[in-house]
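The file entry_29.cif contains mmCIF, C-alpha atoms:
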data_my_file
#
loop_
_atom_site.group_PDB
_atom_site.id
_atom_site.type_symbol
_atom_site.label_atom_id
_atom_site.label_comp_id
_atom_site.auth_asym_id
_atom_site.auth_seq_id
_atom_site.Cartn_x
_atom_site.Cartn_y
_atom_site.Cartn_z
ATOM 1 C CA MET A 1 47.600 94.191 138.030
ATOM 2 C CA SER A 2 51.267 94.265 138.755
ATOM 3 C CA VAL A 3 53.555 92.462 136.303
ATOM 4 C CA VAL A 4 56.848 90.918 137.323
ATOM 5 C CA ILE A 5 59.519 90.306 134.658
ATOM 6 C CA ALA A 6 62.207 87.826 135.635
ATOM 7 C CA GLU A 7 65.286 88.169 133.393
ATOM 8 C CA VAL A 8 67.154 85.072 132.316
ATOM 9 C CA ALA A 9 70.774 85.245 133.438
ATOM 10 C CA GLY A 10 73.186 85.861 130.594
ATOM 11 C CA THR A 11 70.521 86.752 128.008
ATOM 12 C CA PRO A 12 71.578 89.832 126.012
ATOM 13 C CA GLU A 13 69.153 92.661 125.471
ATOM 14 C CA PRO A 14 67.687 92.558 121.949
ATOM 15 C CA PRO A 15 68.784 95.238 119.455
ATOM 16 C CA GLY A 16 67.015 98.542 119.441
ATOM 17 C CA GLY A 17 66.838 98.883 123.224
ATOM 18 C CA SER A 18 63.470 97.116 123.484
ATOM 19 C CA PRO A 19 62.307 96.810 127.100
ATOM 20 C CA GLU A 20 61.266 93.212 126.491
ATOM 21 C CA VAL A 21 63.756 90.557 127.487
ATOM 22 C CA ALA A 22 64.245 87.525 125.292
ATOM 23 C CA GLY A 23 63.064 84.416 127.081
ATOM 24 C CA ALA A 24 61.594 86.460 129.937
ATOM 25 C CA LYS A 25 58.975 84.870 132.141
ATOM 26 C CA ILE A 26 55.973 87.087 132.769
ATOM 27 C CA ALA A 27 53.841 86.296 135.774
ATOM 28 C CA GLY A 28 50.791 88.226 136.929
ATOM 29 C CA ARG A 29 49.959 88.579 140.608
ATOM 30 C CA SER A 30 46.415 88.469 141.915
ATOM 31 C CA PRO A 31 45.007 91.234 144.135
ATOM 32 C CA ARG A 32 45.282 88.831 147.072
ATOM 33 C CA ALA A 33 48.994 88.320 146.409
ATOM 34 C CA LEU A 34 49.542 92.069 146.098
ATOM 35 C CA ALA A 35 47.685 92.705 149.362
ATOM 36 C CA TRP A 36 49.765 90.078 151.166
ATOM 37 C CA ALA A 37 52.961 91.606 149.743
ATOM 38 C CA ARG A 38 51.942 95.027 151.113
ATOM 39 C CA LEU A 39 50.953 93.557 154.475
ATOM 40 C CA ARG A 40 54.275 91.725 154.846
ATOM 41 C CA ARG A 41 56.104 95.046 154.619
ATOM 42 C CA ASP A 42 54.077 96.468 157.500
ATOM 43 C CA LYS A 43 55.963 95.159 160.542
ATOM 44 C CA VAL A 44 53.504 96.686 163.022
ATOM 45 C CA ALA A 45 50.582 94.938 161.333
ATOM 46 C CA LEU A 46 52.453 91.615 161.302
ATOM 47 C CA VAL A 47 53.260 91.873 165.010
ATOM 48 C CA SER A 48 49.616 92.759 165.688
ATOM 49 C CA LEU A 49 48.484 89.790 163.612
ATOM 50 C CA GLY A 50 50.768 87.510 165.607
ATOM 51 C CA PHE A 51 49.387 88.808 168.896
ATOM 52 C CA VAL A 52 45.790 88.405 167.685
ATOM 53 C CA VAL A 53 46.513 84.802 166.665
ATOM 54 C CA PHE A 54 48.089 84.217 170.082
ATOM 55 C CA VAL A 55 45.000 85.533 171.908
ATOM 56 C CA VAL A 56 42.691 83.448 169.723
ATOM 57 C CA LEU A 57 44.732 80.299 170.426
ATOM 58 C CA VAL A 58 44.709 81.047 174.158
ATOM 59 C CA ALA A 59 40.930 81.441 173.990
ATOM 60 C CA ILE A 60 40.503 78.160 172.107
ATOM 61 C CA PHE A 61 42.777 76.157 174.397
ATOM 62 C CA ALA A 62 41.929 77.929 177.670
ATOM 63 C CA HIS A 63 40.761 74.741 179.386
ATOM 64 C CA PRO A 64 43.793 72.537 178.584
ATOM 65 C CA LEU A 65 46.156 75.449 179.311
ATOM 66 C CA SER A 66 44.621 75.952 182.747
ATOM 67 C CA GLN A 67 45.048 72.240 183.412
ATOM 68 C CA LEU A 68 48.651 72.493 182.234
ATOM 69 C CA ILE A 69 49.509 75.175 184.787
ATOM 70 C CA GLY A 70 47.463 73.309 187.392
ATOM 71 C CA GLN A 71 45.123 76.206 188.259
ATOM 72 C CA SER A 72 41.357 76.463 187.940
ATOM 73 C CA PRO A 73 39.763 79.850 187.149
ATOM 74 C CA TYR A 74 36.901 79.113 189.551
ATOM 75 C CA LYS A 75 38.456 77.286 192.502
ATOM 76 C CA PRO A 76 39.785 79.675 195.181
ATOM 77 C CA ASP A 77 43.065 78.982 196.914
ATOM 78 C CA ARG A 78 42.448 79.660 200.614
ATOM 79 C CA GLY A 79 45.943 78.594 201.600
ATOM 80 C CA PRO A 80 48.996 80.793 202.151
ATOM 81 C CA ASN A 81 49.818 80.627 198.418
ATOM 82 C CA GLY A 82 46.481 82.227 197.496
ATOM 83 C CA LEU A 83 45.646 84.651 200.294
ATOM 84 C CA SER A 84 47.715 86.158 203.083
ATOM 85 C CA PRO A 85 46.582 85.661 206.719
ATOM 86 C CA SER A 86 44.928 89.096 206.534
ATOM 87 C CA GLY A 87 42.992 88.143 203.366
ATOM 88 C CA ILE A 88 45.156 90.114 200.928
ATOM 89 C CA PRO A 89 45.720 88.478 197.501
ATOM 90 C CA VAL A 90 49.172 86.987 197.002
ATOM 91 C CA GLY A 91 51.294 88.456 194.200
ATOM 92 C CA PRO A 92 53.003 86.659 191.316
ATOM 93 C CA SER A 93 54.802 83.535 192.484
ATOM 94 C CA THR A 94 55.745 80.064 191.338
ATOM 95 C CA HIS A 95 52.314 78.809 192.414
ATOM 96 C CA HIS A 96 50.311 81.622 190.791
ATOM 97 C CA TRP A 97 52.333 83.165 187.988
ATOM 98 C CA LEU A 98 50.276 86.393 187.841
ATOM 99 C CA GLY A 99 49.043 86.354 191.434
ATOM 100 C CA THR A 100 45.543 85.843 192.808
ATOM 101 C CA ASP A 101 42.371 87.910 193.180
ATOM 102 C CA ASP A 102 40.388 88.775 196.296
ATOM 103 C CA GLN A 103 38.931 85.249 196.423
ATOM 104 C CA GLY A 104 42.280 83.526 195.972
ATOM 105 C CA ARG A 105 41.554 82.539 192.362
ATOM 106 C CA ASP A 106 44.394 82.364 189.860
ATOM 107 C CA ILE A 107 44.647 85.527 187.741
ATOM 108 C CA LEU A 108 46.365 83.826 184.774
ATOM 109 C CA SER A 109 43.735 81.116 184.344
ATOM 110 C CA ARG A 110 40.948 83.681 184.661
ATOM 111 C CA LEU A 111 42.629 85.848 182.034
ATOM 112 C CA MET A 112 42.666 82.885 179.643
ATOM 113 C CA PHE A 113 38.978 82.182 180.170
ATOM 114 C CA GLY A 114 38.294 85.907 179.942
ATOM 115 C CA ALA A 115 39.969 85.867 176.523
ATOM 116 C CA GLN A 116 37.528 83.125 175.552
ATOM 117 C CA VAL A 117 34.550 85.307 176.462
ATOM 118 C CA SER A 118 36.031 88.359 174.711
ATOM 119 C CA MET A 119 36.740 86.460 171.488
ATOM 120 C CA ILE A 120 33.303 84.822 171.418
ATOM 121 C CA VAL A 121 31.522 88.128 171.925
ATOM 122 C CA GLY A 122 33.838 90.114 169.648
ATOM 123 C CA LEU A 123 33.708 87.689 166.723
ATOM 124 C CA ALA A 124 30.056 86.643 167.032
ATOM 125 C CA ALA A 125 28.715 90.177 167.440
ATOM 126 C CA THR A 126 30.878 91.421 164.559
ATOM 127 C CA ALA A 127 29.673 88.595 162.282
ATOM 128 C CA ILE A 128 26.023 89.462 163.022
ATOM 129 C CA GLU A 129 26.618 93.182 162.543
ATOM 130 C CA ILE A 130 28.413 92.694 159.230
ATOM 131 C CA ALA A 131 25.787 90.260 157.894
ATOM 132 C CA VAL A 132 22.824 92.478 158.770
ATOM 133 C CA GLY A 133 24.584 95.703 157.835
ATOM 134 C CA VAL A 134 25.696 94.420 154.436
ATOM 135 C CA VAL A 135 22.204 93.193 153.497
ATOM 136 C CA VAL A 136 20.441 96.372 154.653
ATOM 137 C CA GLY A 137 23.103 98.615 153.099
ATOM 138 C CA LEU A 138 22.937 96.750 149.793
ATOM 139 C CA ILE A 139 19.167 97.091 149.580
ATOM 140 C CA ALA A 140 19.167 100.751 150.604
ATOM 141 C CA GLY A 141 21.958 101.786 148.242
ATOM 142 C CA PHE A 142 20.828 99.692 145.285
ATOM 143 C CA TYR A 143 17.148 100.668 145.172
ATOM 144 C CA GLY A 144 17.451 104.221 146.460
ATOM 145 C CA GLY A 145 14.365 106.424 146.616
ATOM 146 C CA LYS A 146 11.766 105.616 149.267
ATOM 147 C CA VAL A 147 13.449 102.331 150.162
ATOM 148 C CA ASP A 148 16.707 104.144 150.851
ATOM 149 C CA SER A 149 14.970 106.875 152.842
ATOM 150 C CA PHE A 150 13.090 104.374 155.011
ATOM 151 C CA LEU A 151 16.122 102.178 155.746
ATOM 152 C CA SER A 152 18.395 105.181 156.322
ATOM 153 C CA ARG A 153 15.968 106.674 158.842
ATOM 154 C CA PHE A 154 15.646 103.281 160.520
ATOM 155 C CA MET A 155 19.431 103.103 160.889
ATOM 156 C CA ASP A 156 19.382 106.604 162.370
ATOM 157 C CA VAL A 157 16.768 105.494 164.897
ATOM 158 C CA VAL A 158 18.893 102.499 165.918
ATOM 159 C CA LEU A 159 21.902 104.754 166.398
ATOM 160 C CA SER A 160 19.842 107.078 168.615
ATOM 161 C CA PHE A 161 19.017 104.357 171.190
ATOM 162 C CA PRO A 162 20.825 104.791 174.544
ATOM 163 C CA PHE A 163 23.152 101.806 174.685
ATOM 164 C CA LEU A 164 23.612 101.359 178.432
ATOM 165 C CA LEU A 165 19.979 101.998 179.364
ATOM 166 C CA THR A 166 18.723 99.470 176.826
ATOM 167 C CA ALA A 167 21.342 96.935 177.909
ATOM 168 C CA LEU A 168 20.269 97.441 181.533
ATOM 169 C CA ALA A 169 16.604 96.915 180.644
ATOM 170 C CA MET A 170 17.282 93.760 178.622
ATOM 171 C CA SER A 171 19.567 92.395 181.323
ATOM 172 C CA ALA A 172 16.867 92.948 183.953
ATOM 173 C CA ARG A 173 14.247 91.293 181.743
ATOM 174 C CA PHE A 174 16.183 88.334 180.314
ATOM 175 C CA GLY A 175 19.076 87.899 182.740
ATOM 176 C CA ASN A 176 22.834 88.067 182.266
ATOM 177 C CA HIS A 177 23.568 85.587 179.500
ATOM 178 C CA LEU A 178 26.321 85.612 176.917
ATOM 179 C CA SER A 179 23.766 85.421 174.097
ATOM 180 C CA ILE A 180 21.965 88.484 175.482
ATOM 181 C CA THR A 181 25.253 90.388 175.590
ATOM 182 C CA ILE A 182 26.015 89.470 171.974
ATOM 183 C CA GLY A 183 22.498 90.423 170.880
ATOM 184 C CA VAL A 184 22.595 93.807 172.616
ATOM 185 C CA ILE A 185 25.979 94.711 171.153
ATOM 186 C CA ALA A 186 24.999 93.542 167.643
ATOM 187 C CA PHE A 187 21.696 95.451 167.769
ATOM 188 C CA PHE A 188 23.430 98.739 168.477
ATOM 189 C CA SER A 189 26.249 98.304 165.944
ATOM 190 C CA TRP A 190 24.859 96.785 162.717
ATOM 191 C CA SER A 191 23.740 100.178 161.401
ATOM 192 C CA GLN A 192 27.333 101.434 161.225
ATOM 193 C CA PRO A 193 28.522 98.921 158.582
ATOM 194 C CA GLY A 194 25.091 99.365 156.983
ATOM 195 C CA ARG A 195 25.744 103.061 156.397
ATOM 196 C CA LEU A 196 29.222 102.276 155.070
ATOM 197 C CA VAL A 197 27.896 99.696 152.608
ATOM 198 C CA ARG A 198 25.056 101.981 151.520
ATOM 199 C CA GLY A 199 27.510 104.735 150.581
ATOM 200 C CA GLN A 200 29.669 102.325 148.591
ATOM 201 C CA VAL A 201 26.683 100.833 146.752
ATOM 202 C CA LEU A 202 25.355 104.274 145.795
ATOM 203 C CA ALA A 203 28.573 104.784 143.829
ATOM 204 C CA LEU A 204 28.922 101.230 142.509
ATOM 205 C CA ARG A 205 25.397 100.963 141.102
ATOM 206 C CA GLU A 206 26.260 103.626 138.509
ATOM 207 C CA ARG A 207 29.312 101.746 137.230
ATOM 208 C CA GLU A 208 29.510 100.206 133.771
ATOM 209 C CA PHE A 209 29.598 96.584 134.958
ATOM 210 C CA VAL A 210 26.203 97.062 136.636
ATOM 211 C CA GLU A 211 24.751 98.482 133.434
ATOM 212 C CA ALA A 212 26.233 95.547 131.522
ATOM 213 C CA ALA A 213 24.638 93.097 133.944
ATOM 214 C CA ARG A 214 21.270 94.825 133.513
ATOM 215 C CA SER A 215 21.562 94.644 129.738
ATOM 216 C CA LEU A 216 22.161 90.887 130.017
ATOM 217 C CA GLY A 217 18.930 90.485 131.943
ATOM 218 C CA SER A 218 20.409 89.807 135.395
ATOM 219 C CA SER A 219 17.999 90.049 138.304
ATOM 220 C CA ASP A 220 18.390 92.609 141.075
ATOM 221 C CA LEU A 221 19.455 89.922 143.560
ATOM 222 C CA ARG A 222 22.135 88.644 141.193
ATOM 223 C CA ILE A 223 23.472 92.141 140.547
ATOM 224 C CA MET A 224 23.580 92.939 144.290
ATOM 225 C CA PHE A 225 25.132 89.716 145.564
ATOM 226 C CA VAL A 226 27.172 88.544 142.564
ATOM 227 C CA ASP A 227 28.305 91.750 140.859
ATOM 228 C CA ILE A 228 28.343 94.434 143.584
ATOM 229 C CA LEU A 229 29.035 92.476 146.784
ATOM 230 C CA PRO A 230 32.547 91.245 145.760
ATOM 231 C CA ASN A 231 33.592 94.890 145.399
ATOM 232 C CA LEU A 232 32.641 95.496 149.042
ATOM 233 C CA ILE A 233 34.747 92.718 150.555
ATOM 234 C CA ALA A 234 37.851 94.859 151.150
ATOM 235 C CA PRO A 235 36.186 97.792 152.983
ATOM 236 C CA VAL A 236 33.870 95.470 154.913
ATOM 237 C CA MET A 237 36.816 93.276 155.977
ATOM 238 C CA VAL A 238 38.753 96.300 157.216
ATOM 239 C CA TYR A 239 35.740 97.729 159.030
ATOM 240 C CA GLY A 240 34.988 94.340 160.571
ATOM 241 C CA THR A 241 38.536 94.145 161.935
ATOM 242 C CA LEU A 242 38.040 97.539 163.554
ATOM 243 C CA LEU A 243 34.628 96.531 164.943
ATOM 244 C CA ILE A 244 35.992 93.545 166.879
ATOM 245 C CA PRO A 245 37.923 95.626 169.484
ATOM 246 C CA VAL A 246 34.926 97.945 169.844
ATOM 247 C CA ASN A 247 32.724 94.961 170.661
ATOM 248 C CA ILE A 248 35.319 93.554 173.071
ATOM 249 C CA VAL A 249 35.388 96.865 174.940
ATOM 250 C CA ALA A 250 31.562 96.950 174.897
ATOM 251 C CA GLU A 251 31.420 93.491 176.483
ATOM 252 C CA SER A 252 33.998 94.506 179.086
ATOM 253 C CA THR A 253 31.971 97.638 179.843
ATOM 254 C CA LEU A 254 28.784 95.631 180.368
ATOM 255 C CA SER A 255 30.615 93.101 182.545
ATOM 256 C CA PHE A 256 32.223 95.925 184.524
ATOM 257 C CA LEU A 257 28.735 97.281 185.259
ATOM 258 C CA GLY A 258 27.418 93.832 186.155
ATOM 259 C CA LEU A 259 25.384 93.461 182.936
ATOM 260 C CA GLY A 260 27.601 90.937 181.172
ATOM 261 C CA VAL A 261 28.620 87.417 182.104
ATOM 262 C CA THR A 262 27.857 86.345 185.640
ATOM 263 C CA ILE A 263 30.092 84.915 188.362
ATOM 264 C CA PRO A 264 31.849 82.500 188.423
ATOM 265 C CA LYS A 265 32.513 82.957 184.676
ATOM 266 C CA ALA A 266 35.585 85.042 184.012
ATOM 267 C CA SER A 267 35.558 88.252 182.000
ATOM 268 C CA TRP A 268 38.181 90.964 181.736
ATOM 269 C CA GLY A 269 35.611 93.638 182.519
ATOM 270 C CA GLN A 270 34.342 91.687 185.509
ATOM 271 C CA MET A 271 37.902 91.267 186.786
ATOM 272 C CA LEU A 272 38.448 95.020 186.524
ATOM 273 C CA SER A 273 35.176 95.595 188.364
ATOM 274 C CA ASP A 274 36.208 93.238 191.165
ATOM 275 C CA ALA A 275 39.580 94.950 191.482
ATOM 276 C CA SER A 276 38.215 98.496 191.575
ATOM 277 C CA GLY A 277 35.199 97.622 193.720
ATOM 278 C CA SER A 278 37.165 95.929 196.472
ATOM 279 C CA GLY A 279 39.836 98.620 196.590
ATOM 280 C CA LEU A 280 42.523 95.950 197.003
ATOM 281 C CA TYR A 281 44.302 97.158 193.859
ATOM 282 C CA GLN A 282 46.001 99.739 196.064
ATOM 283 C CA VAL A 283 47.978 96.985 197.786
ATOM 284 C CA ALA A 284 47.607 94.268 195.117
ATOM 285 C CA TRP A 285 48.487 96.014 191.855
ATOM 286 C CA TRP A 286 48.432 92.776 189.796
ATOM 287 C CA PHE A 287 44.717 92.459 190.570
ATOM 288 C CA LEU A 288 44.021 95.472 188.318
ATOM 289 C CA VAL A 289 47.050 95.750 186.044
ATOM 290 C CA PHE A 290 46.979 92.362 184.286
ATOM 291 C CA PRO A 291 43.285 92.387 183.213
ATOM 292 C CA GLY A 292 43.639 95.993 182.075
ATOM 293 C CA LEU A 293 46.827 95.171 180.169
ATOM 294 C CA ALA A 294 45.171 92.196 178.457
ATOM 295 C CA LEU A 295 42.249 94.384 177.346
ATOM 296 C CA LEU A 296 44.542 97.209 176.209
ATOM 297 C CA LEU A 297 46.918 95.032 174.176
ATOM 298 C CA THR A 298 44.136 93.046 172.521
ATOM 299 C CA THR A 299 42.158 96.085 171.386
ATOM 300 C CA LEU A 300 45.348 97.858 170.284
ATOM 301 C CA ALA A 301 46.442 94.817 168.242
ATOM 302 C CA PHE A 302 43.102 94.613 166.442
ATOM 303 C CA ASN A 303 43.143 98.340 165.660
ATOM 304 C CA LEU A 304 46.700 98.253 164.310
ATOM 305 C CA LEU A 305 45.879 95.158 162.265
ATOM 306 C CA GLY A 306 42.853 96.945 160.835
ATOM 307 C CA ASP A 307 45.013 99.899 159.826
ATOM 308 C CA GLY A 308 47.470 97.532 158.152
ATOM 309 C CA LEU A 309 44.692 95.718 156.271
ATOM 310 C CA ARG A 310 43.279 99.024 155.088
ATOM 311 C CA ASP A 311 46.629 100.013 153.611
ATOM 312 C CA ALA A 312 47.226 96.546 152.138
ATOM 313 C CA LEU A 313 43.808 96.256 150.483
ATOM 314 C CA ASP A 314 43.810 99.783 149.064
ATOM 315 C CA PRO A 315 45.081 99.524 145.445
ATOM 316 C CA ARG A 316 46.071 103.204 145.547
ATOM 317 C CA PHE A 317 48.441 102.548 148.436
ATOM 318 C CA ASP A 318 51.220 100.521 146.853
ATOM 319 C CA ARG A 319 54.408 100.404 148.888
ATOM 320 C CA ILE A 320 56.046 97.615 146.900
ATOM 321 C CA GLY A 321 59.669 98.511 146.355
ATOM 322 C CA LYS A 322 59.653 101.315 148.937
ATOM 323 C CA GLY A 323 61.823 101.427 152.016
#

Give the structure from the file, written as structure tokens.
Amino acid sequence: MSVVIAEVAGTPEPPGGSPEVAGAKIAGRSPRALAWARLRRDKVALVSLGFVVFVVLVAIFAHPLSQLIGQSPYKPDRGPNGLSPSGIPVGPSTHHWLGTDDQGRDILSRLMFGAQVSMIVGLAATAIEIAVGVVVGLIAGFYGGKVDSFLSRFMDVVLSFPFLLTALAMSARFGNHLSITIGVIAFFSWSQPGRLVRGQVLALREREFVEAARSLGSSDLRIMFVDILPNLIAPVMVYGTLLIPVNIVAESTLSFLGLGVTIPKASWGQMLSDASGSGLYQVAWWFLVFPGLALLLTTLAFNLLGDGLRDALDPRFDRIGKG
């Protein structure tokens, strides 16, 4: 733990050159405070955090924001402000700030509702993956032996499934629903945090605090979820932050292939599919550029934030007082 010594102004140093200061106030900082102090010095991570918060707020308030700009994401504008006489989408203007798509729908309002879909899928799928992966990894790493071998091989089997083929089969069987998309993405990704947690637990179960808990008669469940699990929060939090953009891209990929959300719901991947499929992006660049830019910036922000959290939560990476 880092210790901060605040000297009292005008207080002379005691004889003998002692490092202690008379009347000094000693205050300890918690690991959370130290992590926040490291994160505040990472300007890239702070900017990324601000952008992530902005996207989340846009997703939450997508409906009132679309009403504020007076544009619906589903209602096409067949007039001259939405489509040209030849049926070409109209570019950015005072009526449609980011232009329109091939149906005359407002790009900006559809981007906001697309952010809603991306955040729901990214956060929900990541929460399921982390929950399942942590439980399976804890059990595999803590018990070891045959239990570890069985669960490790099961995770290998899950990783060997072809993602797109399975998603196509489930979409054909159950239809294109948001819950199906979340389930497919979570099914293929929970084994990754599971392997991470398993490796951490294999090392932690040999530590002295686990032996002390055993000597006090603690049950296996208490040792796993009360003694070991708190030591996994930092790496799991960092990995979860890095999983969110992966899941957002996975949802966009499924929507691009027609396996995600269905029309008229808006999705960034679906918007990219519409733009590339119609070929109008050659004369209507905004049709392709703005959805792609939204997807790029969001995934980049989450990745940079994850890198910043990794550095901030690592006690061996202390940049306090540097640069």

Select all residues near (41.1, 92.7, 176.8) (cut-off 10 Å, inclusive, file coordinates), counting all atoms listed in the file, and output them as a ChimeraX atom specification. /A:55,111,114-115,117-119,245,248-249,251-252,267-269,290-300

Pairwise distance, atom CA of Asp102 of chain A with atom CA of Ser276 of chain A, equals 11.0 Å

Neighbours of point (35.4, 97.5, 186.8) within 10 Å, using only C-alpha atoms, written as a VMD selection string: chain A and resid 252 to 258 268 to 278 288 292

Take atom CA of Asp307 of chain A and atom CA of Phe225 of chain A and report the distance between them in Å, one decimal. 26.5 Å

Ground truth for the PyMOL selection byres ((chain A and resi 73) around 6), written as a PyMOL selection string: chain A and resi 72+74+106+109-110

Find the residues near segment 90-100 of chain A: any atom within 10 Å, counting only C-alpha atoms, skip ones fewer than 6 places away on the same chain, and give them as a PyMOL selection string. chain A and resi 69-71+76-77+80-84+106-111+283-287+290

Could the residues in this selection be written to a file with C-alpha atoms, as a PDB file, in the frame of the given file?
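Generated file (out_35.pdb):
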ATOM      1  CA  ILE A  69      49.509  75.175 184.787  1.00  0.00           C
ATOM      2  CA  GLY A  70      47.463  73.309 187.392  1.00  0.00           C
ATOM      3  CA  GLN A  71      45.123  76.206 188.259  1.00  0.00           C
ATOM      4  CA  PRO A  76      39.785  79.675 195.181  1.00  0.00           C
ATOM      5  CA  ASP A  77      43.065  78.982 196.914  1.00  0.00           C
ATOM      6  CA  PRO A  80      48.996  80.793 202.151  1.00  0.00           C
ATOM      7  CA  ASN A  81      49.818  80.627 198.418  1.00  0.00           C
ATOM      8  CA  GLY A  82      46.481  82.227 197.496  1.00  0.00           C
ATOM      9  CA  LEU A  83      45.646  84.651 200.294  1.00  0.00           C
ATOM     10  CA  SER A  84      47.715  86.158 203.083  1.00  0.00           C
ATOM     11  CA  ASP A 106      44.394  82.364 189.860  1.00  0.00           C
ATOM     12  CA  ILE A 107      44.647  85.527 187.741  1.00  0.00           C
ATOM     13  CA  LEU A 108      46.365  83.826 184.774  1.00  0.00           C
ATOM     14  CA  SER A 109      43.735  81.116 184.344  1.00  0.00           C
ATOM     15  CA  ARG A 110      40.948  83.681 184.661  1.00  0.00           C
ATOM     16  CA  LEU A 111      42.629  85.848 182.034  1.00  0.00           C
ATOM     17  CA  VAL A 283      47.978  96.985 197.786  1.00  0.00           C
ATOM     18  CA  ALA A 284      47.607  94.268 195.117  1.00  0.00           C
ATOM     19  CA  TRP A 285      48.487  96.014 191.855  1.00  0.00           C
ATOM     20  CA  TRP A 286      48.432  92.776 189.796  1.00  0.00           C
ATOM     21  CA  PHE A 287      44.717  92.459 190.570  1.00  0.00           C
ATOM     22  CA  PHE A 290      46.979  92.362 184.286  1.00  0.00           C
TER      23      PHE A 290
END
